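These notes concern the structure reproduced below.
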Amino acid sequence: MAHWIEPHPTGIYVRPADAWIDPSLPQARALVTHGHADHARGGHDHVWATRETLAIMGLRYGTASGTAVGYGEEIRLGGVTIRYVPAGHVLGSAQIILEHAGERIVVTGDYKRRPDPTCLPFQPVPCDIFVTEATFGLPVFRHPDTGGEMDRLLHALHANPDRCVLVGAYALGKAQRVICELRARGHHDPIYIHGALERMCALYADFGIDMGELRPATGVAAKEMRGAIVVAPPSALNDRWSRRLPDPITAMASGWMRVRQRARQKNVELPLVISDHADWDELTDTIRDVAPNETWITHGREEALLHWCMTHQMRARALALVGREEEDEG
């Protein structure tokens with residue numbers, strides 16, 4: 001089955017299209033699922049991606065040659081029909097649907113099934129081969145309700161009016177989602193952001209994502225940020241930048257906050273289990289939904305999901321792709 005696509009450590013090669021999906025090395029033709037650095041690299045001769053992903057890549061890597069592909073739009077390369085549909089991961093994220101020789105293959109990139117105010121929801125597509133991530137591919141990873149985690153954050157804020165809440169959130173996707181989720185819970189005060197988030201938040205705003213009033217945190221007197229929420233990259237939580245804040249309650253928004261040891265290692269006072277990846281139930285439910293003849297598992301906890309597939313009489317294999325990092329964007 002599907003002898004026309006080849007998994008390599010550096011990406012998935014689509015032979016009749018002479019193109020690579022999310023290659024980790026520069027290629028002549030790259031089909032890119034979304035803008036995170038472990039999927040979207042600079043240096044390709046030509047990129048096919050959603051308009052949002054191309055803009056994100058332009059922001060991160062400078063101007064690149066690319067063709068924007070709208071959701072649902074069909075393109076053809078070397079006899080392969082290619083479609084991009086929403087993945088629900090971050091702004092512009094897409095699954096790539098490949099059809100050739102009577103077979104359909106879905107390469108999901110990264111995805112989640114929960115509502116996200118910053119991107120379109122995941123669209124299940126029945127297929128012959130389903131290529132899935134397994135970042136949180138263990139039964140212990142069952143993410144709680146996002147609204148409940150936001151309520152915990154707001155409770156900490158209101159209970160400590162002389163302090164601020166400093167939220168560590170990955171610069172692409174998680175930071176903007178946390179801000180929008182706070183707005184949805186009725187928090188309309190100005191939110192302060194680290195300088196490293198400003199350009200990405202502006203890009204989201206350019207694509208119509210309303211995040212309310214955002215203010216640069218740099219150069220603001222500590223007393224002005226009392227009772228406020230400050231959002232910064234995870235790397236800023238414990239560096240010199242954070243020491244000027246008014247007695248911050250340190251929070252981190254990540255699926256990895258389910259692991260208490262990780263929260264302790266990062267000195268996180270308020271771990272928020274908010275993930276942009278599918279949890280165990282979402283992974284297994286999605287495989288049931290798309291009902292593939294075979295599942296390919298690209299990265300993460302491959303062994304557990306592979307075992308689950310086998311025990312449910314589903315064919316599966318694990319792929320050894322390099323460069324898929326366990327970043328704080330979990």
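Residues are referred to by chain and number: the chain letter is A, B, ... according to the order shown in the structure tokens, the number counts from 1 in that chain, and ligands are numbered separately from 1 in the order shown.
Within 6 Å of segment 121-127 of chain A there are Pro86, Ala87, Gly88, Arg104, Ile105, Arg113, Val290 and Pro292 of chain A, counting only C-alpha atoms and ignoring same-chain residues fewer than 6 positions away.
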DSSP on the backbone: which residues in segment 150-207 of chain A end up as alpha helix (DSSP H)? Give the answer as a VMD selection string. chain A and resid 150 to 159 174 to 184 198 to 206
Near Trp256 of chain A, within 9 Å and counting only C-alpha atoms, which residues show up once chain neighbours fewer than 4 positions away are dropped, as a PyMOL selection string? chain A and resi 136+141+260+262-263+273-275+328+330
Closest contacts (segment 160-214 of chain A/segment 53-56 of chain A, max 12 Å, only C-alpha atoms) as JSON lines:
```
{"residue": "A:Ala171", "atom": "CA", "partner": "A:Ile56", "partner_atom": "CA", "distance": 11.3}
{"residue": "A:Leu172", "atom": "CA", "partner": "A:Ile56", "partner_atom": "CA", "distance": 8.7}
{"residue": "A:Gly173", "atom": "CA", "partner": "A:Ile56", "partner_atom": "CA", "distance": 10.8}
{"residue": "A:Arg199", "atom": "CA", "partner": "A:Ile56", "partner_atom": "CA", "distance": 10.0}
{"residue": "A:Met200", "atom": "CA", "partner": "A:Ile56", "partner_atom": "CA", "distance": 7.8}
{"residue": "A:Cys201", "atom": "CA", "partner": "A:Ile56", "partner_atom": "CA", "distance": 10.9}
{"residue": "A:Ala202", "atom": "CA", "partner": "A:Ile56", "partner_atom": "CA", "distance": 11.0}
{"residue": "A:Leu203", "atom": "CA", "partner": "A:Ile56", "partner_atom": "CA", "distance": 7.7}
{"residue": "A:Tyr204", "atom": "CA", "partner": "A:Ile56", "partner_atom": "CA", "distance": 9.3}
{"residue": "A:Asp206", "atom": "CA", "partner": "A:Ala55", "partner_atom": "CA", "distance": 10.3}
{"residue": "A:Phe207", "atom": "CA", "partner": "A:Ala55", "partner_atom": "CA", "distance": 9.9}
```
If you run DSSP on this backbone, which residues of segment 142-198 of chain A come out as strand (DSSP E or B), and could you give them as JSON, numbers by chain? {"A": [165, 166, 167, 168, 191, 192, 193]}
What does the file look like for those residues with all heavy atoms, as a PDB file, in the first residue's frame?
```pdb
ATOM      1  N   VAL A 165       0.118  38.020  37.437  1.00  0.00           N
ATOM      2  CA  VAL A 165       0.252  36.628  37.024  1.00  0.00           C
ATOM      3  C   VAL A 165       1.059  36.614  35.732  1.00  0.00           C
ATOM      4  O   VAL A 165       0.662  37.224  34.729  1.00  0.00           O
ATOM      5  CB  VAL A 165      -1.106  35.938  36.808  1.00  0.00           C
ATOM      6  CG1 VAL A 165      -0.910  34.507  36.324  1.00  0.00           C
ATOM      7  CG2 VAL A 165      -1.928  35.939  38.092  1.00  0.00           C
ATOM      8  N   LEU A 166       2.202  35.971  35.773  1.00  0.00           N
ATOM      9  CA  LEU A 166       3.093  35.863  34.613  1.00  0.00           C
ATOM     10  C   LEU A 166       2.878  34.496  33.976  1.00  0.00           C
ATOM     11  O   LEU A 166       3.193  33.472  34.575  1.00  0.00           O
ATOM     12  CB  LEU A 166       4.548  36.031  35.047  1.00  0.00           C
ATOM     13  CG  LEU A 166       5.625  35.762  33.990  1.00  0.00           C
ATOM     14  CD1 LEU A 166       5.473  36.690  32.795  1.00  0.00           C
ATOM     15  CD2 LEU A 166       7.013  35.876  34.605  1.00  0.00           C
ATOM     16  N   VAL A 167       2.333  34.480  32.769  1.00  0.00           N
ATOM     17  CA  VAL A 167       1.996  33.230  32.081  1.00  0.00           C
ATOM     18  C   VAL A 167       3.047  32.939  31.018  1.00  0.00           C
ATOM     19  O   VAL A 167       3.225  33.715  30.069  1.00  0.00           O
ATOM     20  CB  VAL A 167       0.600  33.302  31.421  1.00  0.00           C
ATOM     21  CG1 VAL A 167       0.245  31.947  30.785  1.00  0.00           C
ATOM     22  CG2 VAL A 167      -0.455  33.705  32.435  1.00  0.00           C
ATOM     23  N   GLY A 168       3.732  31.815  31.144  1.00  0.00           N
ATOM     24  CA  GLY A 168       4.632  31.354  30.099  1.00  0.00           C
ATOM     25  C   GLY A 168       3.831  30.632  29.029  1.00  0.00           C
ATOM     26  O   GLY A 168       3.095  29.690  29.327  1.00  0.00           O
ATOM     27  N   ILE A 191      -3.774  43.419  28.726  1.00  0.00           N
ATOM     28  CA  ILE A 191      -2.842  42.321  29.002  1.00  0.00           C
ATOM     29  C   ILE A 191      -1.470  42.762  28.507  1.00  0.00           C
ATOM     30  O   ILE A 191      -1.333  43.267  27.383  1.00  0.00           O
ATOM     31  CB  ILE A 191      -3.301  41.023  28.312  1.00  0.00           C
ATOM     32  CG1 ILE A 191      -4.597  40.506  28.961  1.00  0.00           C
ATOM     33  CG2 ILE A 191      -2.207  39.946  28.382  1.00  0.00           C
ATOM     34  CD1 ILE A 191      -5.201  39.290  28.273  1.00  0.00           C
ATOM     35  N   TYR A 192      -0.477  42.574  29.365  1.00  0.00           N
ATOM     36  CA  TYR A 192       0.886  42.977  29.024  1.00  0.00           C
ATOM     37  C   TYR A 192       1.620  41.798  28.372  1.00  0.00           C
ATOM     38  O   TYR A 192       1.458  40.654  28.810  1.00  0.00           O
ATOM     39  CB  TYR A 192       1.631  43.445  30.276  1.00  0.00           C
ATOM     40  CG  TYR A 192       1.086  44.744  30.838  1.00  0.00           C
ATOM     41  CD1 TYR A 192       0.024  44.742  31.740  1.00  0.00           C
ATOM     42  CD2 TYR A 192       1.624  45.969  30.449  1.00  0.00           C
ATOM     43  CE1 TYR A 192      -0.489  45.924  32.248  1.00  0.00           C
ATOM     44  CE2 TYR A 192       1.119  47.168  30.956  1.00  0.00           C
ATOM     45  CZ  TYR A 192       0.062  47.139  31.850  1.00  0.00           C
ATOM     46  OH  TYR A 192      -0.438  48.320  32.343  1.00  0.00           O
ATOM     47  N   ILE A 193       2.413  42.100  27.348  1.00  0.00           N
ATOM     48  CA  ILE A 193       3.115  41.029  26.647  1.00  0.00           C
ATOM     49  C   ILE A 193       4.604  41.354  26.531  1.00  0.00           C
ATOM     50  O   ILE A 193       5.008  42.509  26.419  1.00  0.00           O
ATOM     51  CB  ILE A 193       2.525  40.751  25.244  1.00  0.00           C
ATOM     52  CG1 ILE A 193       2.575  41.998  24.346  1.00  0.00           C
ATOM     53  CG2 ILE A 193       1.094  40.222  25.365  1.00  0.00           C
ATOM     54  CD1 ILE A 193       2.162  41.718  22.895  1.00  0.00           C
TER      55      ILE A 193
END
```
Do a neighbour search on Trp280 of chain A at 10 Å with only C-alpha atoms, toss out local chain neighbours closer than 6 positions, and write the hits as a JSON list (two decimals) with N, CA and C atoms, in the first residue's frame.
```
[["chain", "number", "residue", "atom", "x", "y", "z"],
["A", 134, "ALA", "N", 1.87, 11.82, 18.07],
["A", 134, "ALA", "CA", 1.51, 11.18, 19.33],
["A", 134, "ALA", "C", 2.23, 11.88, 20.50],
["A", 135, "THR", "N", 2.27, 13.22, 20.42],
["A", 135, "THR", "CA", 2.97, 13.99, 21.45],
["A", 135, "THR", "C", 2.49, 13.59, 22.84],
["A", 136, "PHE", "N", 1.18, 13.48, 23.01],
["A", 136, "PHE", "CA", 0.62, 13.09, 24.30],
["A", 136, "PHE", "C", -0.03, 11.71, 24.20],
["A", 137, "GLY", "N", 0.70, 10.80, 23.55],
["A", 137, "GLY", "CA", 0.18, 9.46, 23.30],
["A", 137, "GLY", "C", 0.37, 8.49, 24.44],
["A", 138, "LEU", "N", -0.06, 8.88, 25.64],
["A", 138, "LEU", "CA", -0.11, 7.98, 26.79],
["A", 138, "LEU", "C", -1.45, 8.19, 27.49],
["A", 139, "PRO", "N", -2.06, 7.13, 28.03],
["A", 139, "PRO", "CA", -3.37, 7.28, 28.67],
["A", 139, "PRO", "C", -3.39, 8.27, 29.83],
["A", 140, "VAL", "N", -2.24, 8.55, 30.44],
["A", 140, "VAL", "CA", -2.19, 9.51, 31.55],
["A", 140, "VAL", "C", -2.50, 10.93, 31.07],
["A", 141, "PHE", "N", -2.30, 11.19, 29.78],
["A", 141, "PHE", "CA", -2.53, 12.54, 29.25],
["A", 141, "PHE", "C", -3.98, 12.68, 28.80],
["A", 142, "ARG", "N", -4.80, 13.16, 29.72],
["A", 142, "ARG", "CA", -6.19, 13.52, 29.42],
["A", 142, "ARG", "C", -6.36, 14.96, 29.88],
["A", 143, "HIS", "N", -6.37, 15.88, 28.93],
["A", 143, "HIS", "CA", -6.34, 17.30, 29.25],
["A", 143, "HIS", "C", -7.67, 17.74, 29.86],
["A", 286, "THR", "N", -9.87, 10.04, 17.15],
["A", 286, "THR", "CA", -9.64, 10.50, 15.77],
["A", 286, "THR", "C", -9.32, 9.32, 14.86],
["A", 304, "ALA", "N", 2.94, 3.46, 22.83],
["A", 304, "ALA", "CA", 1.63, 3.25, 23.44],
["A", 304, "ALA", "C", 0.52, 3.31, 22.40],
["A", 305, "LEU", "N", 0.61, 4.27, 21.47],
["A", 305, "LEU", "CA", -0.44, 4.38, 20.45],
["A", 305, "LEU", "C", -0.34, 3.22, 19.46]]
```
Counting only C-alpha atoms, figure out which residue out of A:Asp279, A:Glu133, A:Asp110, A:Asp116 gets nearest to Glu181 of chain A.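 Answer, going by the shortest atom-to-atom distance: A:Asp116.
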Non-local contacts of Ala19 of chain A (9 Å; only C-alpha atoms; under 6 positions in same chain excluded) as a PyMOL selection string: chain A and resi 12-13+27-31+77
I'd like the neighbourhood of Pro190 of chain A as a PyMOL selection string, where a residue qualifies if any of its atoms comes within 9 Å (using only C-alpha atoms), though same-chain residues fewer than 4 positions away should be ignored. chain A and resi 212-215+228-229
Resulting file, chosen residues, C-alpha atoms, as a PDB file, in the first residue's frame:
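Ended up saving to selection-v8.pdb:
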```
ATOM      1  CA  GLY A 212      -8.319  43.119  22.950  1.00  0.00           C
ATOM      2  CA  GLU A 213      -5.882  45.677  24.331  1.00  0.00           C
ATOM      3  CA  LEU A 214      -2.295  44.415  24.488  1.00  0.00           C
ATOM      4  CA  ARG A 215       0.478  46.520  25.998  1.00  0.00           C
ATOM      5  CA  ALA A 228      -2.527  42.401  35.672  1.00  0.00           C
ATOM      6  CA  ILE A 229      -1.776  39.403  33.487  1.00  0.00           C
TER       7      ILE A 229
END
```
So that I can see what lies close to segment 6-9 of chain A, please list as a list in words the residues with an atom at most 7 Å from it, counting only C-alpha atoms and leaving out residues fewer than 2 positions away in the same chain.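 Counting only the stated atoms, we get Trp4, Gly11, Ile12, Tyr13, Val14, Leu319, Ala320, Leu321 and Val322 of chain A.
Between Tyr61 of chain A and the candidates A:Pro246, A:Gly42, A:Gly102, A:Gly92, the tightest atom-to-atom separation, counting only C-alpha atoms, involves A:Gly42.
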